[in-house]
$ cat upload-v5.tsv   # TSV, C-alpha atoms and all ligand atoms
chain	number	residue	atom	x	y	z
O	26	MET	CA	-110.21	-19.06	-77.62
O	27	TYR	CA	-109.22	-16.38	-80.08
O	28	PHE	CA	-109.59	-16.83	-83.81
O	29	LYS	CA	-108.89	-14.44	-86.62
O	30	GLN	CA	-108.99	-14.89	-90.36
O	31	ILE	CA	-106.66	-12.55	-92.24
O	32	LEU	CA	-107.48	-12.05	-95.90
O	33	ASP	CA	-104.91	-11.01	-98.47
O	34	GLU	CA	-106.90	-9.39	-101.26
O	35	ARG	CA	-103.94	-9.32	-103.62
O	36	CYS	CA	-103.45	-13.10	-103.70
O	37	GLY	CA	-106.93	-14.20	-102.63
O	38	CYS	CA	-105.24	-16.05	-99.75
O	39	ALA	CA	-106.32	-16.45	-96.15
O	40	SER	CA	-104.08	-16.91	-93.13
O	41	TYR	CA	-105.23	-17.65	-89.61
O	42	LEU	CA	-104.31	-16.76	-86.05
O	43	ILE	CA	-105.64	-19.16	-83.44
O	44	ALA	CA	-104.85	-18.66	-79.76
O	45	SER	CA	-105.82	-19.75	-76.31
O	46	ARG	CA	-107.02	-16.94	-74.07
O	47	GLN	CA	-105.98	-19.07	-71.10
O	48	SER	CA	-102.37	-19.87	-71.94
O	49	HIS	CA	-101.89	-17.05	-74.45
O	50	GLU	CA	-100.21	-19.49	-76.81
O	51	ALA	CA	-100.88	-18.88	-80.48
O	52	ALA	CA	-100.56	-20.61	-83.84
O	53	ILE	CA	-100.49	-18.97	-87.25
O	54	VAL	CA	-101.51	-21.05	-90.24
O	55	ASP	CA	-100.45	-20.25	-93.83
O	56	PRO	CA	-98.83	-16.89	-93.09
O	57	SER	CA	-98.35	-14.39	-95.88
O	58	ILE	CA	-94.85	-13.16	-96.70
O	59	GLU	CA	-95.81	-9.84	-95.10
O	60	ILE	CA	-95.20	-11.14	-91.61
O	61	GLU	CA	-95.15	-7.66	-90.03
O	62	GLN	CA	-98.96	-7.69	-90.05
O	63	TYR	CA	-99.04	-10.42	-87.39
O	64	GLN	CA	-96.88	-8.55	-84.90
O	65	PRO	CA	-99.51	-6.10	-83.55
O	66	LEU	CA	-102.08	-8.91	-83.33
O	67	LEU	CA	-99.75	-10.98	-81.19
O	68	GLN	CA	-98.43	-8.08	-79.15
O	69	GLU	CA	-101.71	-6.36	-78.32
O	70	ARG	CA	-103.12	-9.53	-76.81
O	71	GLY	CA	-99.91	-10.74	-75.26
O	72	PHE	CA	-99.85	-13.93	-77.31
O	73	THR	CA	-96.76	-16.10	-77.60
O	74	LEU	CA	-96.37	-17.65	-81.03
O	75	LYS	CA	-95.90	-21.38	-80.49
O	76	TYR	CA	-96.56	-22.88	-83.91
O	77	VAL	CA	-96.40	-21.72	-87.50
O	78	ILE	CA	-98.02	-24.16	-89.87
O	79	ASP	CA	-97.95	-24.26	-93.64
O	80	THR	CA	-100.79	-26.48	-94.82
O	81	HIS	CA	-98.76	-27.23	-97.95
O	82	VAL	CA	-95.99	-26.00	-100.22
O	83	HIS	CA	-97.73	-23.05	-101.85
O	84	ALA	CA	-97.29	-22.44	-105.54
O	85	ASP	CA	-99.10	-19.15	-106.05
O	86	HIS	CA	-97.58	-16.96	-103.34
O	87	VAL	CA	-94.38	-16.91	-101.32
O	88	SER	CA	-94.98	-18.21	-97.81
O	89	GLY	CA	-93.92	-16.24	-94.75
O	90	ALA	CA	-93.81	-19.37	-92.57
O	91	ARG	CA	-90.04	-19.81	-92.24
O	92	LYS	CA	-89.41	-16.13	-91.58
O	93	LEU	CA	-92.21	-15.91	-89.05
O	94	ALA	CA	-91.18	-19.05	-87.16
O	95	ALA	CA	-87.56	-17.88	-87.04
O	96	GLN	CA	-88.47	-14.41	-85.84
O	97	TYR	CA	-90.60	-15.66	-82.94
O	98	GLY	CA	-88.74	-18.86	-82.14
O	99	ALA	CA	-91.90	-20.83	-82.98
O	100	GLU	CA	-92.05	-24.40	-84.27
O	101	LEU	CA	-92.61	-24.69	-88.02
O	102	GLY	CA	-94.99	-27.55	-88.77
O	103	MET	CA	-95.76	-29.24	-92.08
O	104	HIS	CA	-96.92	-32.67	-93.09
O	105	GLU	CA	-94.20	-35.29	-92.74
O	106	SER	CA	-94.22	-35.92	-96.50
O	107	ALA	CA	-93.33	-32.30	-97.39
O	108	LYS	CA	-90.29	-32.33	-99.66
O	109	VAL	CA	-88.56	-29.17	-98.52
O	110	THR	CA	-84.87	-28.46	-97.98
O	111	TYR	CA	-85.19	-26.82	-94.52
O	112	PRO	CA	-85.91	-28.35	-91.11
O	113	PHE	CA	-89.49	-28.48	-89.81
O	114	ARG	CA	-91.57	-30.43	-87.33
O	115	PRO	CA	-93.07	-33.32	-89.26
O	116	LEU	CA	-96.79	-33.71	-88.64
O	117	ALA	CA	-98.69	-36.94	-89.23
O	118	ASN	CA	-102.37	-37.61	-89.71
O	119	GLY	CA	-104.06	-37.61	-86.29
O	120	ASP	CA	-101.32	-35.67	-84.48
O	121	GLU	CA	-102.64	-33.14	-81.99
O	122	LEU	CA	-100.89	-29.89	-81.19
O	123	PRO	CA	-101.91	-28.52	-77.79
O	124	LEU	CA	-102.53	-24.80	-77.61
O	125	GLY	CA	-103.58	-24.10	-74.00
O	126	GLN	CA	-106.96	-25.80	-73.65
O	127	LEU	CA	-107.32	-26.03	-77.42
O	128	LYS	CA	-106.22	-28.84	-79.69
O	129	LEU	CA	-105.21	-28.58	-83.33
O	130	ARG	CA	-105.66	-31.98	-84.92
O	131	VAL	CA	-103.91	-32.80	-88.18
O	132	LEU	CA	-105.92	-34.33	-90.99
O	133	HIS	CA	-103.91	-35.35	-94.03
O	134	THR	CA	-105.97	-34.27	-97.05
O	135	PRO	CA	-103.77	-34.66	-100.16
O	136	GLY	CA	-105.02	-33.91	-103.67
O	137	HIS	CA	-104.09	-30.30	-104.39
O	138	ARG	CA	-100.59	-31.23	-103.23
O	139	PRO	CA	-99.43	-34.54	-101.72
O	140	GLU	CA	-98.39	-32.95	-98.41
O	141	LEU	CA	-101.53	-30.89	-97.85
O	142	ILE	CA	-103.01	-31.01	-94.36
O	143	SER	CA	-106.21	-29.67	-92.89
O	144	MET	CA	-106.29	-28.58	-89.26
O	145	LEU	CA	-109.26	-29.38	-87.05
O	146	VAL	CA	-109.75	-26.91	-84.22
O	147	ILE	CA	-111.10	-28.45	-81.03
O	148	ASN	CA	-112.07	-26.57	-77.88
O	149	PRO	CA	-112.80	-29.38	-75.36
O	150	LEU	CA	-114.28	-26.96	-72.83
O	151	ARG	CA	-117.14	-26.44	-75.26
O	152	SER	CA	-117.27	-29.70	-77.19
O	153	PRO	CA	-115.27	-32.84	-77.82
O	154	GLU	CA	-116.05	-32.37	-81.51
O	155	PRO	CA	-114.16	-29.94	-83.76
O	156	SER	CA	-115.99	-26.67	-84.30
O	157	MET	CA	-113.94	-25.60	-87.29
O	158	VAL	CA	-111.55	-26.92	-89.89
O	159	LEU	CA	-108.86	-25.04	-91.78
O	160	THR	CA	-108.79	-26.82	-95.12
O	161	GLY	CA	-105.86	-25.25	-96.98
O	162	ASP	CA	-106.61	-25.93	-100.64
O	163	SER	CA	-108.56	-29.14	-100.18
O	164	LEU	CA	-112.17	-28.06	-99.64
O	165	LEU	CA	-112.74	-24.48	-100.84
O	166	VAL	CA	-115.98	-22.50	-100.76
O	167	GLY	CA	-117.99	-23.85	-103.70
O	168	ASP	CA	-114.93	-25.60	-105.07
O	169	VAL	CA	-111.91	-27.79	-104.31
O	170	GLY	CA	-108.21	-27.15	-104.92
O	171	ARG	CA	-106.81	-27.91	-108.37
O	172	PRO	CA	-104.59	-30.97	-108.64
O	173	ASP	CA	-102.11	-29.70	-111.24
O	174	PHE	CA	-99.70	-27.63	-109.12
O	175	GLY	CA	-97.08	-30.34	-108.67
O	176	GLY	CA	-97.67	-33.82	-107.32
O	177	GLY	CA	-101.41	-33.26	-106.97
O	178	ASP	CA	-103.90	-35.99	-107.70
O	179	ALA	CA	-107.60	-35.59	-108.49
O	180	SER	CA	-108.41	-39.03	-107.13
O	181	ALA	CA	-106.68	-38.23	-103.81
O	182	GLN	CA	-108.64	-34.98	-103.72
O	183	TYR	CA	-111.86	-36.97	-104.07
O	184	GLU	CA	-110.87	-39.13	-101.08
O	185	SER	CA	-109.85	-36.10	-99.05
O	186	VAL	CA	-113.02	-34.09	-99.56
O	187	THR	CA	-115.07	-37.23	-98.94
O	188	ARG	CA	-113.32	-37.55	-95.57
O	189	LEU	CA	-113.93	-33.89	-94.78
O	190	LEU	CA	-117.61	-34.27	-95.63
O	191	ARG	CA	-117.92	-36.91	-92.89
O	192	LEU	CA	-117.47	-34.10	-90.37
O	193	PRO	CA	-120.65	-32.83	-88.72
O	194	ASP	CA	-122.72	-30.27	-90.62
O	195	TRP	CA	-122.02	-27.45	-88.22
O	196	VAL	CA	-118.25	-27.52	-88.63
O	197	ALA	CA	-117.11	-24.16	-89.99
O	198	VAL	CA	-114.78	-24.38	-92.98
O	199	PHE	CA	-111.96	-21.87	-93.36
O	200	PRO	CA	-110.07	-22.37	-96.63
O	201	GLY	CA	-106.59	-21.29	-97.69
O	202	HIS	CA	-108.05	-19.30	-100.57
O	203	PHE	CA	-111.24	-17.34	-101.02
O	204	GLU	CA	-110.27	-16.21	-104.53
O	205	GLY	CA	-107.35	-16.81	-106.83
O	206	PRO	CA	-105.93	-19.44	-109.09
O	207	CYS	CA	-105.84	-22.46	-106.73
O	208	GLY	CA	-109.39	-23.43	-107.71
O	209	LYS	CA	-111.51	-22.60	-110.72
O	210	GLY	CA	-114.94	-21.85	-109.32
O	211	MET	CA	-114.62	-20.40	-105.84
O	212	CYS	CA	-117.67	-18.51	-104.68
O	213	GLY	CA	-115.79	-15.61	-103.11
O	214	ARG	CA	-117.04	-16.04	-99.55
O	215	PRO	CA	-114.17	-16.49	-97.11
O	216	SER	CA	-115.80	-19.29	-95.11
O	217	THR	CA	-118.60	-21.84	-95.21
O	218	THR	CA	-119.80	-24.91	-93.31
O	219	ILE	CA	-119.47	-28.61	-94.04
O	220	GLY	CA	-123.28	-28.87	-94.21
O	221	PHE	CA	-123.70	-26.06	-96.72
O	222	GLU	CA	-120.97	-27.39	-99.01
O	223	ARG	CA	-122.35	-30.92	-98.84
O	224	LEU	CA	-125.73	-29.60	-99.95
O	225	TYR	CA	-124.78	-26.94	-102.45
O	226	SER	CA	-121.33	-27.53	-103.91
O	227	PRO	CA	-121.94	-29.10	-107.37
O	228	LEU	CA	-118.56	-30.86	-107.32
O	229	LEU	CA	-119.41	-32.64	-104.09
O	230	HIS	CA	-122.48	-34.24	-105.66
O	231	MET	CA	-120.35	-35.98	-108.27
O	232	GLU	CA	-119.31	-39.60	-108.25
O	233	ARG	CA	-115.59	-40.32	-108.30
O	234	ASP	CA	-115.04	-40.54	-112.08
O	235	PRO	CA	-116.91	-37.39	-113.13
O	236	PHE	CA	-115.26	-35.58	-110.21
O	237	ILE	CA	-111.82	-36.60	-111.44
O	238	ALA	CA	-112.67	-35.68	-115.03
O	239	GLU	CA	-113.98	-32.29	-113.92
O	240	LEU	CA	-110.76	-31.56	-112.00
O	241	ASN	CA	-108.49	-32.68	-114.79
O	242	ASN	CA	-110.25	-30.88	-117.62
O	243	GLY	CA	-110.67	-27.22	-118.28
O	244	VAL	CA	-107.99	-26.10	-115.84
O	245	PRO	CA	-106.96	-22.45	-115.83
O	246	ALA	CA	-103.36	-21.61	-116.69
O	247	ARG	CA	-100.77	-22.03	-113.97
O	248	PRO	CA	-100.31	-18.86	-111.92
O	249	LEU	CA	-97.74	-16.16	-112.65
O	250	ASN	CA	-94.23	-17.30	-111.73
O	251	MET	CA	-95.49	-20.52	-110.17
O	252	VAL	CA	-92.26	-22.41	-110.89
O	253	ALA	CA	-90.07	-19.87	-109.05
O	254	ILE	CA	-92.54	-19.41	-106.20
O	255	GLU	CA	-92.96	-23.14	-105.57
O	256	ALA	CA	-89.17	-23.68	-105.64
O	257	THR	CA	-88.73	-20.77	-103.21
O	258	ASN	CA	-91.28	-22.27	-100.81
O	259	ARG	CA	-89.48	-25.63	-100.98
O	260	GLY	CA	-86.19	-23.93	-100.16
O	261	ALA	CA	-84.74	-24.99	-103.53
O	262	ALA	CA	-84.57	-21.36	-104.72
O	263	ASP	CA	-84.62	-17.94	-103.12
O	264	MET	CA	-86.73	-15.82	-105.42
O	265	PRO	CA	-89.20	-13.86	-103.30
O	266	TRP	CA	-89.05	-11.17	-105.99
O	267	ALA	CA	-91.05	-13.54	-108.20
O	268	MET	CA	-94.18	-12.20	-106.50
O	269	LEU	CA	-95.77	-9.34	-108.38
O	270	THR	CA	-96.00	-6.77	-105.60
O	271	SER	CA	-96.70	-3.63	-107.57
O	272	SER	CA	-99.05	-2.53	-110.34
O	273	PRO	CA	-96.79	-0.50	-112.62
O	274	SER	CA	-98.59	1.07	-115.54
O	275	VAL	CA	-97.50	-0.56	-118.76
O	276	GLY	CA	-98.42	0.20	-122.34
O	277	GLU	CA	-101.75	-1.28	-123.47
O	278	VAL	CA	-101.86	-1.68	-127.23
O	279	GLY	CA	-104.22	-3.19	-129.79
O	280	ILE	CA	-103.45	-6.08	-132.15
O	281	GLU	CA	-102.42	-3.62	-134.88
O	282	ALA	CA	-99.35	-2.82	-132.78
O	283	ILE	CA	-98.05	-6.32	-133.57
O	284	ASP	CA	-97.66	-5.44	-137.26
O	285	ALA	CA	-96.38	-1.97	-136.47
O	286	ALA	CA	-93.76	-3.19	-133.97
O	287	PRO	CA	-90.10	-2.51	-134.84
O	288	PRO	CA	-88.14	-5.48	-136.26
O	289	ASN	CA	-86.25	-6.09	-133.02
O	290	ALA	CA	-89.44	-6.29	-130.93
O	291	VAL	CA	-90.21	-9.56	-129.14
O	292	LEU	CA	-93.77	-10.87	-129.15
O	293	LEU	CA	-93.90	-12.86	-125.92
O	294	ASP	CA	-96.80	-15.32	-125.71
O	295	VAL	CA	-97.28	-16.12	-122.00
O	296	ARG	CA	-99.93	-18.82	-122.42
O	297	GLU	CA	-99.41	-22.48	-121.60
O	298	PRO	CA	-97.49	-24.51	-124.24
O	299	GLU	CA	-100.70	-26.38	-125.07
O	300	GLU	CA	-102.54	-23.15	-125.88
O	301	PHE	CA	-99.56	-21.91	-127.89
O	302	ALA	CA	-99.50	-25.13	-129.90
O	303	HIS	CA	-103.19	-24.75	-130.74
O	304	GLY	CA	-102.59	-21.41	-132.46
O	305	HIS	CA	-100.35	-18.40	-132.00
O	306	VAL	CA	-99.37	-15.27	-133.87
O	307	ALA	CA	-96.44	-15.97	-136.21
O	308	HIS	CA	-93.00	-15.34	-134.70
O	309	ALA	CA	-94.35	-15.24	-131.15
O	310	VAL	CA	-92.03	-16.73	-128.53
O	311	ASN	CA	-93.64	-18.89	-125.85
O	312	VAL	CA	-92.68	-18.45	-122.20
O	313	PRO	CA	-95.70	-19.36	-120.04
O	314	GLN	CA	-96.48	-16.90	-117.25
O	315	ALA	CA	-95.77	-19.66	-114.72
O	316	GLU	CA	-92.15	-19.77	-115.93
O	317	LEU	CA	-91.42	-16.07	-116.47
O	318	ALA	CA	-89.31	-15.51	-113.35
O	319	SER	CA	-87.43	-18.79	-113.67
O	320	ARG	CA	-86.64	-18.14	-117.36
O	321	LEU	CA	-86.08	-14.41	-117.09
O	322	GLU	CA	-82.63	-14.62	-118.71
O	323	GLU	CA	-84.31	-15.82	-121.93
O	324	ILE	CA	-86.16	-12.53	-122.27
O	325	PRO	CA	-83.93	-9.91	-123.91
O	326	ARG	CA	-83.52	-6.64	-122.06
O	327	GLY	CA	-83.12	-3.56	-124.22
O	328	ARG	CA	-85.60	-4.71	-126.87
O	329	PRO	CA	-89.28	-3.72	-127.07
O	330	ILE	CA	-91.48	-6.48	-125.65
O	331	LEU	CA	-95.14	-7.06	-126.43
O	332	THR	CA	-96.81	-9.60	-124.17
O	333	ILE	CA	-99.78	-11.53	-125.47
O	334	CYS	CA	-102.04	-14.21	-123.99
O	335	GLN	CA	-105.57	-15.39	-124.75
O	336	SER	CA	-107.71	-12.44	-123.66
O	337	GLY	CA	-105.27	-9.94	-122.21
O	338	MET	CA	-105.33	-10.69	-118.47
O	339	ARG	CA	-102.22	-12.83	-118.16
O	340	SER	CA	-100.29	-10.65	-120.57
O	341	LEU	CA	-101.06	-7.56	-118.48
O	342	ARG	CA	-99.78	-9.26	-115.32
O	343	SER	CA	-96.72	-10.52	-117.16
O	344	ALA	CA	-95.96	-7.07	-118.58
O	345	GLN	CA	-96.32	-5.59	-115.10
O	346	PHE	CA	-93.96	-8.20	-113.70
O	347	LEU	CA	-91.36	-7.51	-116.40
O	348	SER	CA	-91.69	-3.81	-115.70
O	349	GLN	CA	-91.25	-4.51	-111.96
O	350	GLN	CA	-88.03	-6.35	-112.88
O	351	GLY	CA	-86.69	-3.31	-114.70
O	352	PHE	CA	-87.64	-4.07	-118.30
O	353	GLN	CA	-88.07	-0.63	-119.86
O	354	ASP	CA	-90.17	-1.05	-122.97
O	355	VAL	CA	-93.02	-3.45	-122.25
O	356	ALA	CA	-96.61	-3.33	-123.48
O	357	THR	CA	-99.51	-5.77	-123.33
O	358	VAL	CA	-101.71	-6.65	-126.30
O	359	VAL	CA	-105.28	-5.90	-125.20
O	360	GLY	CA	-107.70	-8.63	-126.23
O	361	GLY	CA	-104.84	-11.03	-126.91
O	362	THR	CA	-104.86	-13.91	-129.36
O	363	ALA	CA	-108.68	-13.99	-129.20
O	364	ALA	CA	-108.83	-10.46	-130.63
O	365	TRP	CA	-106.25	-11.39	-133.27
O	366	ARG	CA	-108.35	-14.37	-134.36
O	367	ALA	CA	-111.59	-12.38	-134.21
O	368	ALA	CA	-110.06	-9.92	-136.66
O	369	GLY	CA	-109.61	-12.81	-139.09
O	370	ARG	CA	-105.84	-12.81	-138.75
O	371	PRO	CA	-103.97	-16.10	-139.31
O	372	VAL	CA	-102.46	-18.14	-136.49
O	373	GLU	CA	-99.83	-20.84	-136.63
O	374	ALA	CA	-100.44	-24.17	-134.94
O	375	THR	CA	-98.06	-27.05	-134.37
O	376	GLU	CA	-98.79	-30.59	-135.51
O	377	SER	CA	-98.69	-31.89	-131.96
O	378	ALA	CA	-101.79	-29.86	-131.11
O	379	SER	CA	-104.56	-32.37	-131.46
O	380	GLY	CA	-107.71	-32.90	-129.46
O	381	PRO	CA	-109.59	-30.32	-127.45
O	382	LEU	CA	-107.72	-27.65	-125.51
O	383	ARG	CA	-107.48	-28.53	-121.81
O	384	ILE	CA	-106.68	-25.02	-120.63
O	385	THR	CA	-109.43	-22.49	-119.98
O	386	ASP	CA	-108.70	-18.81	-119.89
O	387	SER	CA	-107.76	-17.46	-116.45
O	388	GLU	CA	-110.81	-16.77	-114.39
O	389	TRP	CA	-108.97	-14.84	-111.71
O	390	ALA	CA	-106.53	-12.05	-112.29
O	391	HIS	CA	-104.82	-12.35	-108.89
O	392	ALA	CA	-101.09	-12.41	-109.05
O	393	GLY	CA	-99.95	-10.59	-105.96
O	394	ALA	CA	-101.14	-7.16	-107.05
O	395	LEU	CA	-104.52	-5.58	-107.48
O	396	THR	CA	-105.61	-4.82	-111.00
O	397	THR	CA	-105.58	-1.32	-112.39
O	398	ASN	CA	-107.15	-2.31	-115.66
O	399	THR	CA	-110.76	-1.15	-115.86
O	400	GLU	CA	-111.88	-3.71	-118.45
O	401	GLU	CA	-110.54	-6.47	-116.30
O	402	LEU	CA	-112.29	-5.07	-113.23
O	403	ARG	CA	-115.57	-4.96	-115.10
O	404	ALA	CA	-115.15	-8.57	-116.24
O	405	SER	CA	-114.37	-9.76	-112.72
O	406	THR	CA	-117.24	-7.90	-111.06
O	407	SER	CA	-119.80	-9.18	-113.57
O	408	ARG	CA	-119.45	-12.74	-112.27
M	1	FE	FE	-102.23	-23.95	-102.89

$ encode --input "upload-v5.tsv" --output "structure tokens"
Amino acid sequence: MYFKQILDERCGCASYLIASRQSHEAAIVDPSIEIEQYQPLLQERGFTLKYVIDTHVHADHVSGARKLAAQYGAELGMHESAKVTYPFRPLANGDELPLGQLKLRVLHTPGHRPELISMLVINPLRSPEPSMVLTGDSLLVGDVGRPDFGGGDASAQYESVTRLLRLPDWVAVFPGHFEGPCGKGMCGRPSTTIGFERLYSPLLHMERDPFIAELNNGVPARPLNMVAIEATNRGAADMPWAMLTSSPSVGEVGIEAIDAAPPNAVLLDVREPEEFAHGHVAHAVNVPQAELASRLEEIPRGRPILTICQSGMRSLRSAQFLSQQGFQDVATVVGGTAAWRAAGRPVEATESASGPLRITDSEWAHAGALTTNTEELRASTSR
């Protein structure tokens, strides 16, 4: 067999090429939108692309699955419950896709998304048991996929990872993400084993109720442009430009720039509505980063824009995205609302904001482009 993991550092995503050296048939799982990268891999080894599989409808990056399948005349496979507008081969739990002597067995593992599947890779010449499992965003390294990206369910995730943990210890685990916003505590390694995770993943030692509470509380903000990206991957929209693909340099200003801003400036708070309700700078307008692309017409062009979030990470990404979309005068408020509060400045809260805040500040800065901000780099490398 042939197996290759392809890591996309910008999104923290992994895609996979699996092939039979006997039949030269290949499958690509969770392809990135940059499908050109797969061409030399297939060509150099004389592989024929038979299947393209999306483990689920992705919400943090635009999938290349449809494009790739169309270009190579391959079958596009997804779980039968996937609610997408385009045709695909529906896969059910237990289905086996032959790939020469290899078998790819479908395991339905909902939780992150209802349609999420894991793929067991079986090489019967070596063993009747699977030797590896591609887990999408069910079991991650040191973590599991978050349930709040649309139709997810923490209790289903508990069932799914419990099923995966029944696999033998030696089974190698290859997740859909090694970094990025689909989990909240990934270790950073791109692979692991069932045995190691069973022993050392703190989440997997939890009973059902604490597990569910842990998944539902303290979630990071939804990723940049998630609404547009998810709709694009369902076929309900065509907004591949919603991916941040560049790192334009944008103004980085301190909180004093808020007072000094001209009267027509817009202070754009890109945090989640819940965070905004708990306290925001007066006159700030709330458009969460997840909704920026889908609500772009609400953001006035031709006026200075200051983006603000909690600590400055999301606002930097948002400012870069607006700049990528041709907004001319965009700057990010370094230190964000936290710096504003720390300076003893007043915030406004809405009456509906009661109880503890469920959102934690973004742990990962991934949004389709590498960071150019040195403070952010230092923060991310100190973990
Ligand atoms: Fe995902």

$ atom_distance --input "upload-v5.tsv" --atom1 "CA of Ser272 (chain O)" --atom2 "CA of Ala344 (chain O)"
9.9 Å

$ residues_near_point --input "upload-v5.tsv" --point "(-115.2, -35.2, -111.8)" --cutoff "12 Å" --atoms "only C-alpha atoms" --output "count of residues only"
25

$ closest_residue --input "upload-v5.tsv" --among "O:Gly208, O:Gly71, O:Pro56, O:Pro115" --to "ligand FE 1 (chain M)" --atoms "all atoms listed in the file"
O:Gly208

$ residues_near_ligand --input "upload-v5.tsv" --ligand "ligand FE 1 (chain M)" --cutoff "7 Å" --atoms "only C-alpha atoms and all ligand atoms" --output "PyMOL selection string"
chain O and resi 81+83-85+137+162+207

$ atom_distance --input "upload-v5.tsv" --atom1 "CA of Leu192 (chain O)" --atom2 "CA of Ile219 (chain O)"
6.9 Å

$ closest_residue --input "upload-v5.tsv" --among "O:Arg370, O:Arg326, O:His202, O:Lys92" --to "Arg214 (chain O)" --atoms "all atoms listed in the file"
O:His202
